[in-house]
Structures are given as C-alpha cells and as structure tokens.
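Just below is one structure, and these are the notes that go with it.
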Amino acid sequence: MSKRVRFSILSFKGGVGKSTIAYFLARNLSEKYRVLLVDRDYTNTIGKIFGLETGLINVISEEAEGKFIADEGNLRVLSLVSFSPSSLPSVKELARIYSEILKGMEVVITDNPPGIDDIAGLEFKGYYE
C-alpha cells in the first residue's frame, strides 16, 4: 500500500452504530495494515474501550493530563476530545503532533459525532496540513 487510505464513518443521527463499525473495520484492517483509529466524538466511546483518559485537543488546549493514544499490534487509537475544550488549538498546533502520530500508518479511520462539528473540521485540516 503506497498511499494512505482514509475512511470516515459518518451519520447525522446518534446511536446508529458508527463507533461499532469504525471499531470492527479498524480491527479487521489491522490484521494486514497499520491502522490509526481516530475517535473524534465527545462521548469518547472508542477511547474508553482502550483506556484513554483524555483527548489530544484537551491536552493542547486545556493542558489536560492523561493518556490519549494507545497501540495494540498494528492498531493505534487516538482520542481527540474527552470533554468540550474552552478553545480549539490552531491547525498548525494540532498538525505538529498529529503528523507524528500518523507516521507509518497505512489506513486512517475516523469515528465521528452525529453531524459535522468544529472538531471534525480541525482534524480534517490538521490531517492535510
């Protein structure tokens, strides 16, 4: 796989199985590829499964402490938010750390909140920065 493949699991309604689909897609693909599963939802469903206590954006914006990334074989899990930050970091601030997390990943899967919010937009811009 020469280029990174990106999947974004979206729905404008909550409780329809977005996190479940993202989780099992990531698990399955990690059997063959290096996969980053990004939890962009404030509920932090995926992050909680992997014992993540906070989100990368919370660490940057609020100086929160705690684990926001987990590695399990070929699967890396990143929690972006665990609570609503009082402000968002700049795209450059996020991209500086996010680019390091993305190194070596062949597949990126994002689990999203219902609809599109500022966190989703920031992550998308940071990914391409």
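Residue numbers start at 1 in each chain; chains themselves are named A, B, ... in the order of the structure tokens; ligands are numbered from 1 in the order shown.
Within the 8 Å cut-off around Phe7 in chain A, using only C-alpha atoms and omitting residues fewer than 4 positions from it on the same chain, the listed residues are A:Val107, A:Val108, A:Ile109, A:Thr110.
Excluding range 18-20 of chain A itself and same-chain residues fewer than 5 positions from it, the residues having an atom within 9 Å of it are A:Ile9, A:Leu10, A:Ser11, A:Leu25, A:Asp39, A:Thr45, A:Ile46, A:Asp111, A:Asn112, A:Pro113, A:Pro114, counting only C-alpha atoms.
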Please write the residues from the selection above to a file, keeping C-alpha atoms, as an mmCIF file, in the first residue's frame.
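Everything below was put into out-v5.cif:
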data_model
loop_
_atom_site.group_PDB
_atom_site.id
_atom_site.type_symbol
_atom_site.label_atom_id
_atom_site.label_comp_id
_atom_site.auth_asym_id
_atom_site.auth_seq_id
_atom_site.Cartn_x
_atom_site.Cartn_y
_atom_site.Cartn_z
ATOM 1 C CA ILE A 9 -17.658 6.896 9.490
ATOM 2 C CA LEU A 10 -20.459 9.488 9.475
ATOM 3 C CA SER A 11 -24.146 9.829 10.235
ATOM 4 C CA LEU A 25 -13.344 -2.049 10.463
ATOM 5 C CA ASP A 39 -12.157 8.986 17.944
ATOM 6 C CA THR A 45 -16.628 5.643 23.050
ATOM 7 C CA ILE A 46 -13.617 4.131 21.288
ATOM 8 C CA ASP A 111 -15.257 7.768 14.207
ATOM 9 C CA ASN A 112 -17.391 10.909 14.217
ATOM 10 C CA PRO A 113 -20.105 12.513 16.311
ATOM 11 C CA PRO A 114 -23.532 12.953 14.753
#
Of the candidates A:Gly55, A:Gly104, A:Gly47, A:Pro89, which shows the shortest atom-to-atom distance to Gly126 in chain A, using only C-alpha atoms?
A:Pro89
Considering only C-alpha atoms, return as a ChimeraX atom specification whatever protein or nucleic-acid residues lie within 12 Å of Glu62 in chain A, sequence-local ones (same chain, fewer than 3 positions apart) excluded.
/A:54-59,65-66,81-89
Using DSSP secondary structure from the backbone, list all strand (DSSP E) positions within chain A, as a ChimeraX atom specification.
/A:5-9,35-39,69-72,75-79,107-111
Please indicate the distance in Å from CA of Glu106 in chain A to CA of Ala120 in chain A, rounded to one decimal place.
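Answer for the CA of Glu106 in chain A to CA of Ala120 in chain A separation: 20.2 Å.
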Shortest interatomic distance to Leu80 in chain A - which of A:Glu93, A:Glu123, A:Asp117, A:Glu100, counting only C-alpha atoms:
A:Glu123
To one decimal place, how far is CA of Tyr98 in chain A from CA of Arg40 in chain A in Å?
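Value for the CA of Tyr98 in chain A-CA of Arg40 in chain A distance: 13.1 Å.
Here CA of Gly51 in chain A stands at a distance of 26.3 Å from CA of Arg4 in chain A.
Comparing A:Glu53, A:Asp118, A:Glu129, A:Glu31 by their smallest distance to Gly73 in chain A, the closest is A:Glu31 (using only C-alpha atoms).
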Looking only at the backbone, which of the residues in range 4-114 of chain A does DSSP tag as helix (DSSP H, G or I), as a PyMOL selection string?
chain A and resi 18-29+45-49+56-62+91-102
Given only C-alpha atoms as the basis, pick out the residue of A:Ile60, A:Ser79, A:Phe68, A:Gly121 nearest to Arg96 in chain A.
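Nearest to Arg96 in chain A: A:Ile60.
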Would you please work out which residue, of A:Val77, A:Val5, A:Lys67, A:Lys13, is nearest to Gly115 in chain A when using only C-alpha atoms?
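Under the stated criterion, the closest residue is A:Lys13.
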Would you please work out which residue, of A:Ile21, A:Leu37, A:Leu75, A:Ile69, is nearest to Ile97 in chain A when using only C-alpha atoms?
A:Ile69
